[in-house]
file my_file_30.cif (mmCIF, N, CA and C atoms)
data_work
#
loop_
_atom_site.label_atom_id
_atom_site.label_comp_id
_atom_site.auth_asym_id
_atom_site.auth_seq_id
_atom_site.Cartn_x
_atom_site.Cartn_y
_atom_site.Cartn_z
N MET A 20 -9.60 -12.27 13.22
CA MET A 20 -8.79 -12.65 12.09
C MET A 20 -9.23 -14.02 11.55
N ARG A 21 -9.66 -14.89 12.44
CA ARG A 21 -10.04 -16.25 12.06
C ARG A 21 -11.18 -16.25 11.04
N THR A 22 -12.08 -15.29 11.12
CA THR A 22 -13.25 -15.27 10.23
C THR A 22 -13.14 -14.21 9.14
N SER A 23 -11.94 -13.68 8.96
CA SER A 23 -11.75 -12.64 7.94
C SER A 23 -12.07 -13.18 6.54
N GLU A 24 -12.54 -12.30 5.68
CA GLU A 24 -12.78 -12.67 4.29
C GLU A 24 -11.48 -12.73 3.50
N ASN A 25 -10.43 -12.15 4.02
CA ASN A 25 -9.13 -12.12 3.36
C ASN A 25 -8.36 -13.41 3.67
N GLU A 26 -8.06 -14.17 2.64
CA GLU A 26 -7.38 -15.45 2.82
C GLU A 26 -6.01 -15.28 3.48
N LEU A 27 -5.30 -14.22 3.15
CA LEU A 27 -3.99 -13.98 3.73
C LEU A 27 -4.08 -13.73 5.23
N VAL A 28 -5.10 -13.00 5.66
CA VAL A 28 -5.31 -12.74 7.09
C VAL A 28 -5.60 -14.06 7.81
N ARG A 29 -6.44 -14.91 7.22
CA ARG A 29 -6.74 -16.21 7.83
C ARG A 29 -5.49 -17.09 7.90
N GLU A 30 -4.66 -17.04 6.86
CA GLU A 30 -3.41 -17.82 6.87
C GLU A 30 -2.49 -17.33 7.98
N LEU A 31 -2.36 -16.01 8.13
CA LEU A 31 -1.54 -15.45 9.19
C LEU A 31 -2.08 -15.88 10.55
N TYR A 32 -3.38 -15.81 10.73
CA TYR A 32 -4.00 -16.22 11.99
C TYR A 32 -3.66 -17.68 12.30
N GLY A 33 -3.78 -18.54 11.29
CA GLY A 33 -3.47 -19.96 11.49
C GLY A 33 -2.03 -20.17 11.91
N LYS A 34 -1.11 -19.48 11.26
CA LYS A 34 0.31 -19.63 11.61
C LYS A 34 0.62 -19.03 12.97
N MET A 35 -0.06 -17.94 13.32
CA MET A 35 0.16 -17.36 14.64
C MET A 35 -0.23 -18.34 15.73
N ASN A 36 -1.28 -19.10 15.47
CA ASN A 36 -1.74 -20.07 16.46
C ASN A 36 -0.94 -21.37 16.43
N SER A 37 -0.71 -21.92 15.25
CA SER A 37 -0.04 -23.22 15.17
C SER A 37 1.47 -23.13 15.38
N GLN A 38 2.09 -22.02 14.98
CA GLN A 38 3.53 -21.88 15.11
C GLN A 38 3.94 -20.87 16.19
N GLN A 39 2.94 -20.36 16.91
CA GLN A 39 3.19 -19.39 17.98
C GLN A 39 3.96 -18.16 17.48
N LEU A 40 3.63 -17.72 16.25
CA LEU A 40 4.27 -16.52 15.71
C LEU A 40 3.75 -15.30 16.44
N ARG A 41 4.68 -14.42 16.82
CA ARG A 41 4.32 -13.20 17.51
C ARG A 41 5.20 -12.06 16.99
N PRO A 42 4.66 -10.86 16.91
CA PRO A 42 5.50 -9.73 16.48
C PRO A 42 6.61 -9.47 17.49
N LYS A 43 7.77 -9.06 17.00
CA LYS A 43 8.90 -8.74 17.87
C LYS A 43 9.07 -7.24 18.06
N THR A 44 8.73 -6.48 17.05
CA THR A 44 8.88 -5.04 17.14
C THR A 44 8.01 -4.38 16.09
N ILE A 45 7.80 -3.11 16.24
CA ILE A 45 7.09 -2.31 15.24
C ILE A 45 8.12 -1.52 14.46
N VAL A 46 8.00 -1.54 13.14
CA VAL A 46 8.85 -0.74 12.27
C VAL A 46 7.93 0.25 11.57
N ASP A 47 8.16 1.51 11.83
CA ASP A 47 7.31 2.56 11.25
C ASP A 47 8.22 3.60 10.60
N TYR A 48 7.82 4.10 9.46
CA TYR A 48 8.63 5.10 8.77
C TYR A 48 7.79 5.84 7.75
N ASP A 49 8.31 6.96 7.30
CA ASP A 49 7.68 7.74 6.24
C ASP A 49 8.38 7.39 4.93
N ARG A 50 7.62 7.35 3.85
CA ARG A 50 8.19 6.98 2.55
C ARG A 50 7.71 7.93 1.47
N GLU A 51 8.65 8.34 0.63
CA GLU A 51 8.32 9.03 -0.60
C GLU A 51 8.73 8.09 -1.73
N ALA A 52 7.80 7.83 -2.65
CA ALA A 52 8.06 6.88 -3.73
C ALA A 52 7.89 7.56 -5.08
N PHE A 53 8.76 7.17 -6.01
CA PHE A 53 8.73 7.71 -7.36
C PHE A 53 8.90 6.57 -8.35
N VAL A 54 8.28 6.71 -9.52
CA VAL A 54 8.40 5.71 -10.58
C VAL A 54 8.88 6.40 -11.84
N TYR A 55 9.85 5.78 -12.49
CA TYR A 55 10.35 6.25 -13.78
C TYR A 55 10.05 5.14 -14.77
N PRO A 56 9.12 5.34 -15.71
CA PRO A 56 8.63 4.26 -16.56
C PRO A 56 9.71 3.53 -17.36
N ALA A 57 10.69 4.26 -17.88
CA ALA A 57 11.74 3.59 -18.66
C ALA A 57 12.54 2.68 -17.75
N GLY A 58 12.52 1.39 -18.04
CA GLY A 58 13.22 0.42 -17.19
C GLY A 58 12.43 0.02 -15.97
N ASN A 59 11.22 0.55 -15.81
CA ASN A 59 10.40 0.30 -14.62
C ASN A 59 11.21 0.53 -13.34
N VAL A 60 11.71 1.74 -13.21
CA VAL A 60 12.55 2.11 -12.06
C VAL A 60 11.66 2.62 -10.93
N ARG A 61 11.90 2.10 -9.73
CA ARG A 61 11.20 2.56 -8.52
C ARG A 61 12.24 3.13 -7.57
N VAL A 62 12.03 4.36 -7.18
CA VAL A 62 12.94 5.03 -6.24
C VAL A 62 12.14 5.37 -4.99
N THR A 63 12.66 4.97 -3.83
CA THR A 63 11.99 5.31 -2.58
C THR A 63 12.99 5.97 -1.64
N MET A 64 12.47 6.88 -0.85
CA MET A 64 13.24 7.49 0.24
C MET A 64 12.46 7.21 1.53
N ASP A 65 13.09 6.48 2.42
CA ASP A 65 12.50 6.17 3.72
C ASP A 65 13.21 6.99 4.78
N TYR A 66 12.43 7.63 5.65
CA TYR A 66 13.01 8.47 6.69
C TYR A 66 12.08 8.48 7.91
N ASN A 67 12.55 9.12 8.97
CA ASN A 67 11.79 9.15 10.22
C ASN A 67 11.49 7.72 10.67
N ILE A 68 12.53 6.88 10.66
CA ILE A 68 12.40 5.47 11.02
C ILE A 68 12.24 5.36 12.53
N ARG A 69 11.16 4.69 12.94
CA ARG A 69 10.79 4.62 14.35
C ARG A 69 10.42 3.19 14.74
N THR A 70 10.51 2.92 16.04
CA THR A 70 10.09 1.64 16.57
C THR A 70 9.11 1.87 17.71
N GLY A 71 8.24 0.89 17.92
CA GLY A 71 7.32 0.96 19.05
C GLY A 71 8.05 0.50 20.29
N LEU A 72 8.33 1.43 21.17
CA LEU A 72 9.11 1.13 22.37
C LEU A 72 8.33 0.16 23.26
N TYR A 73 8.77 -1.08 23.28
CA TYR A 73 8.16 -2.14 24.09
C TYR A 73 6.71 -2.43 23.70
N SER A 74 6.31 -2.04 22.52
CA SER A 74 4.96 -2.33 22.05
C SER A 74 5.04 -3.11 20.76
N THR A 75 4.19 -4.12 20.64
CA THR A 75 4.15 -4.91 19.41
C THR A 75 2.75 -4.93 18.82
N ASP A 76 1.87 -4.11 19.33
CA ASP A 76 0.50 -4.07 18.81
C ASP A 76 0.46 -3.16 17.58
N PHE A 77 0.74 -3.76 16.43
CA PHE A 77 0.85 -2.97 15.20
C PHE A 77 -0.48 -2.42 14.72
N LEU A 78 -1.57 -2.84 15.31
CA LEU A 78 -2.89 -2.32 14.95
C LEU A 78 -3.29 -1.12 15.81
N ASP A 79 -2.49 -0.82 16.83
CA ASP A 79 -2.78 0.30 17.73
C ASP A 79 -2.32 1.59 17.07
N MET A 80 -3.25 2.37 16.57
CA MET A 80 -2.92 3.61 15.88
C MET A 80 -2.36 4.67 16.83
N ASP A 81 -2.53 4.48 18.14
CA ASP A 81 -2.01 5.43 19.13
C ASP A 81 -0.69 4.96 19.75
N CYS A 82 -0.11 3.93 19.19
CA CYS A 82 1.15 3.39 19.71
C CYS A 82 2.23 4.47 19.67
N VAL A 83 2.93 4.62 20.76
CA VAL A 83 4.03 5.59 20.84
C VAL A 83 5.26 4.96 20.19
N THR A 84 5.87 5.71 19.28
CA THR A 84 7.09 5.23 18.64
C THR A 84 8.24 6.18 18.93
N VAL A 85 9.46 5.64 18.87
CA VAL A 85 10.65 6.45 19.11
C VAL A 85 11.59 6.31 17.92
N PRO A 86 12.32 7.38 17.60
CA PRO A 86 13.25 7.32 16.47
C PRO A 86 14.41 6.38 16.75
N VAL A 87 14.87 5.69 15.72
CA VAL A 87 16.04 4.81 15.87
C VAL A 87 17.23 5.30 15.07
N THR A 88 17.01 6.14 14.08
CA THR A 88 18.09 6.69 13.29
C THR A 88 17.61 7.95 12.58
N SER A 89 18.54 8.82 12.29
CA SER A 89 18.19 10.00 11.52
C SER A 89 18.51 9.80 10.03
N ALA A 90 18.95 8.61 9.68
CA ALA A 90 19.33 8.31 8.30
C ALA A 90 18.12 8.39 7.36
N VAL A 91 18.40 8.78 6.14
CA VAL A 91 17.42 8.71 5.07
C VAL A 91 17.90 7.61 4.13
N ILE A 92 17.04 6.62 3.91
CA ILE A 92 17.41 5.47 3.10
C ILE A 92 16.88 5.69 1.69
N LEU A 93 17.78 5.73 0.73
CA LEU A 93 17.42 5.88 -0.68
C LEU A 93 17.57 4.50 -1.33
N GLU A 94 16.51 4.01 -1.90
CA GLU A 94 16.54 2.69 -2.53
C GLU A 94 16.10 2.82 -3.98
N VAL A 95 16.84 2.18 -4.87
CA VAL A 95 16.52 2.20 -6.29
C VAL A 95 16.39 0.76 -6.76
N LYS A 96 15.25 0.46 -7.37
CA LYS A 96 15.01 -0.88 -7.94
C LYS A 96 14.61 -0.71 -9.39
N TRP A 97 15.02 -1.66 -10.22
CA TRP A 97 14.64 -1.60 -11.62
C TRP A 97 14.54 -3.01 -12.17
N ASP A 98 13.82 -3.15 -13.28
CA ASP A 98 13.61 -4.45 -13.90
C ASP A 98 14.55 -4.68 -15.08
N GLU A 99 14.40 -3.87 -16.11
CA GLU A 99 15.10 -4.14 -17.36
C GLU A 99 16.48 -3.50 -17.40
N PHE A 100 16.56 -2.22 -17.11
CA PHE A 100 17.83 -1.50 -17.13
C PHE A 100 17.69 -0.25 -16.28
N LEU A 101 18.81 0.27 -15.85
CA LEU A 101 18.81 1.51 -15.07
C LEU A 101 19.22 2.65 -15.99
N PRO A 102 18.28 3.53 -16.33
CA PRO A 102 18.61 4.64 -17.24
C PRO A 102 19.72 5.52 -16.66
N SER A 103 20.56 6.04 -17.54
CA SER A 103 21.69 6.86 -17.09
C SER A 103 21.22 8.10 -16.34
N ALA A 104 20.05 8.64 -16.68
CA ALA A 104 19.52 9.82 -15.97
C ALA A 104 19.30 9.51 -14.49
N ILE A 105 18.79 8.33 -14.20
CA ILE A 105 18.57 7.92 -12.81
C ILE A 105 19.91 7.60 -12.15
N ARG A 106 20.76 6.85 -12.83
CA ARG A 106 22.07 6.49 -12.28
C ARG A 106 22.84 7.76 -11.88
N ASP A 107 22.84 8.75 -12.76
CA ASP A 107 23.55 9.99 -12.47
C ASP A 107 22.91 10.75 -11.30
N ALA A 108 21.60 10.71 -11.22
CA ALA A 108 20.88 11.46 -10.17
C ALA A 108 21.13 10.88 -8.78
N VAL A 109 21.36 9.58 -8.67
CA VAL A 109 21.52 8.97 -7.35
C VAL A 109 22.97 8.79 -6.95
N GLN A 110 23.90 9.16 -7.80
CA GLN A 110 25.32 9.12 -7.44
C GLN A 110 25.64 10.37 -6.63
N LEU A 111 25.47 10.28 -5.33
CA LEU A 111 25.65 11.43 -4.46
C LEU A 111 27.08 11.49 -3.92
N GLU A 112 27.71 12.63 -4.09
CA GLU A 112 29.09 12.80 -3.64
C GLU A 112 29.16 12.63 -2.12
N GLY A 113 30.15 11.90 -1.68
CA GLY A 113 30.34 11.69 -0.26
C GLY A 113 29.44 10.60 0.33
N ARG A 114 28.68 9.93 -0.50
CA ARG A 114 27.80 8.86 -0.03
C ARG A 114 28.26 7.54 -0.63
N HIS A 115 27.94 6.45 0.02
CA HIS A 115 28.33 5.15 -0.48
C HIS A 115 27.15 4.19 -0.48
N THR A 116 27.28 3.15 -1.26
CA THR A 116 26.26 2.12 -1.33
C THR A 116 26.47 1.13 -0.18
N SER A 117 25.40 0.78 0.50
CA SER A 117 25.49 -0.21 1.57
C SER A 117 24.11 -0.80 1.82
N SER A 118 24.08 -1.82 2.63
CA SER A 118 22.80 -2.40 3.01
C SER A 118 22.36 -1.79 4.34
N PHE A 119 21.08 -1.76 4.56
CA PHE A 119 20.54 -1.23 5.81
C PHE A 119 19.23 -1.95 6.09
N SER A 120 19.07 -2.48 7.27
CA SER A 120 17.85 -3.16 7.65
C SER A 120 17.07 -2.29 8.63
N LYS A 121 15.91 -1.81 8.19
CA LYS A 121 15.06 -1.03 9.09
C LYS A 121 14.62 -1.91 10.26
N TYR A 122 14.34 -3.18 9.96
CA TYR A 122 13.91 -4.12 11.01
C TYR A 122 15.01 -4.28 12.07
N ALA A 123 16.24 -4.54 11.63
CA ALA A 123 17.33 -4.72 12.59
C ALA A 123 17.55 -3.46 13.41
N ALA A 124 17.46 -2.29 12.78
CA ALA A 124 17.62 -1.04 13.50
C ALA A 124 16.54 -0.88 14.57
N CYS A 125 15.32 -1.32 14.25
CA CYS A 125 14.21 -1.18 15.18
C CYS A 125 14.24 -2.20 16.31
N ARG A 126 15.08 -3.21 16.22
CA ARG A 126 15.20 -4.19 17.30
C ARG A 126 16.19 -3.75 18.37
N ILE A 127 16.66 -2.51 18.30
CA ILE A 127 17.69 -2.01 19.20
C ILE A 127 17.28 -2.13 20.68
N TYR A 128 16.01 -2.02 20.99
CA TYR A 128 15.57 -2.03 22.39
C TYR A 128 15.13 -3.41 22.86
N ASP A 129 15.23 -4.42 22.01
CA ASP A 129 14.84 -5.79 22.41
C ASP A 129 15.92 -6.47 23.20
#
call {"tool": "encode", "arguments": {"input": "my_file_30.cif", "output": "structure tokens"}}
result
Amino acid sequence: MRTSENELVRELYGKMNSQQLRPKTIVDYDREAFVYPAGNVRVTMDYNIRTGLYSTDFLDMDCVTVPVTSAVILEVKWDEFLPSAIRDAVQLEGRHTSSFSKYAACRIYD
């Protein structure tokens, strides 16, 4: 990382060494993303949220992960305005708006 051509990677390396920054957990999930041009609306659905059980090597492609929730997280972001077609589509009966931290959920085993 120290000799990477990517400035951000070198900055991370420097902070990991000077500030002793270390990963605490792995947060892994599947995402479906959609864009609606009017209002620059971005809709994502995150599901299959998993954590690396006692592993923090986020570069290990063979890392074993375990599920932390069966929830599907629907997130809607927009810049200028939220078109009524999108607002109506995401108003799901029996569901409520709330905050959810995938990171906090994945720290369950720490």
call {"tool": "residues_around", "arguments": {"input": "my_file_30.cif", "residues": "A:Asp98", "least_positions_apart": "4", "cutoff": "6.5 Å", "atoms": "all atoms listed in the file", "output": "JSON, numbers by chain"}}
result
{"A": [58, 59, 60]}
call {"tool": "resolve_selection", "arguments": {"input": "my_file_30.cif", "expression": "the PyMOL selection byres (((chain A and resi 74 and name CA) around 9) and name CA)", "output": "list in words"}}
result
Lys43, Thr44, Ile45, Thr70, Gly71, Leu72, Tyr73, Thr75, Asp76, Phe77, Cys82, Val83 and Thr84 of chain A
call {"tool": "atom_distance", "arguments": {"input": "my_file_30.cif", "atom1": "atom CA of A:Tyr122", "atom2": "atom C of A:Val87"}}
result
10.8 Å
call {"tool": "residues_near_point", "arguments": {"input": "my_file_30.cif", "point": "(17.0, 10.0, -21.3)", "cutoff": "12 Å", "atoms": "only C-alpha atoms", "output": "list in words"}}
result
Tyr55, Pro56, Ala57, Gly58, Leu101, Pro102, Ser103, Ala104, Ile105, Arg106, Asp107 and Ala108 of chain A
call {"tool": "atom_distance", "arguments": {"input": "my_file_30.cif", "atom1": "atom CA of A:Asp129", "atom2": "atom N of A:Ile68"}}
result
17.4 Å
call {"tool": "residues_around", "arguments": {"input": "my_file_30.cif", "residues": "A:Ala52", "least_positions_apart": "3", "cutoff": "6.5 Å", "atoms": "all atoms listed in the file", "output": "list in words"}}
result
Val62, Thr63 and Met64 of chain A
call {"tool": "resolve_selection", "arguments": {"input": "my_file_30.cif", "expression": "the PyMOL selection byres (((chain A and resi 89 and name CA) around 9) and name CA)", "output": "VMD selection string"}}
result
chain A and resid 66 to 68 86 to 88 90 to 91
call {"tool": "select_by_dssp", "arguments": {"input": "my_file_30.cif", "residues": "chain A", "states": "strand (DSSP E or B)", "output": "PyMOL selection string"}}
result
chain A and resi 46-55+60-71+84-86+92-96
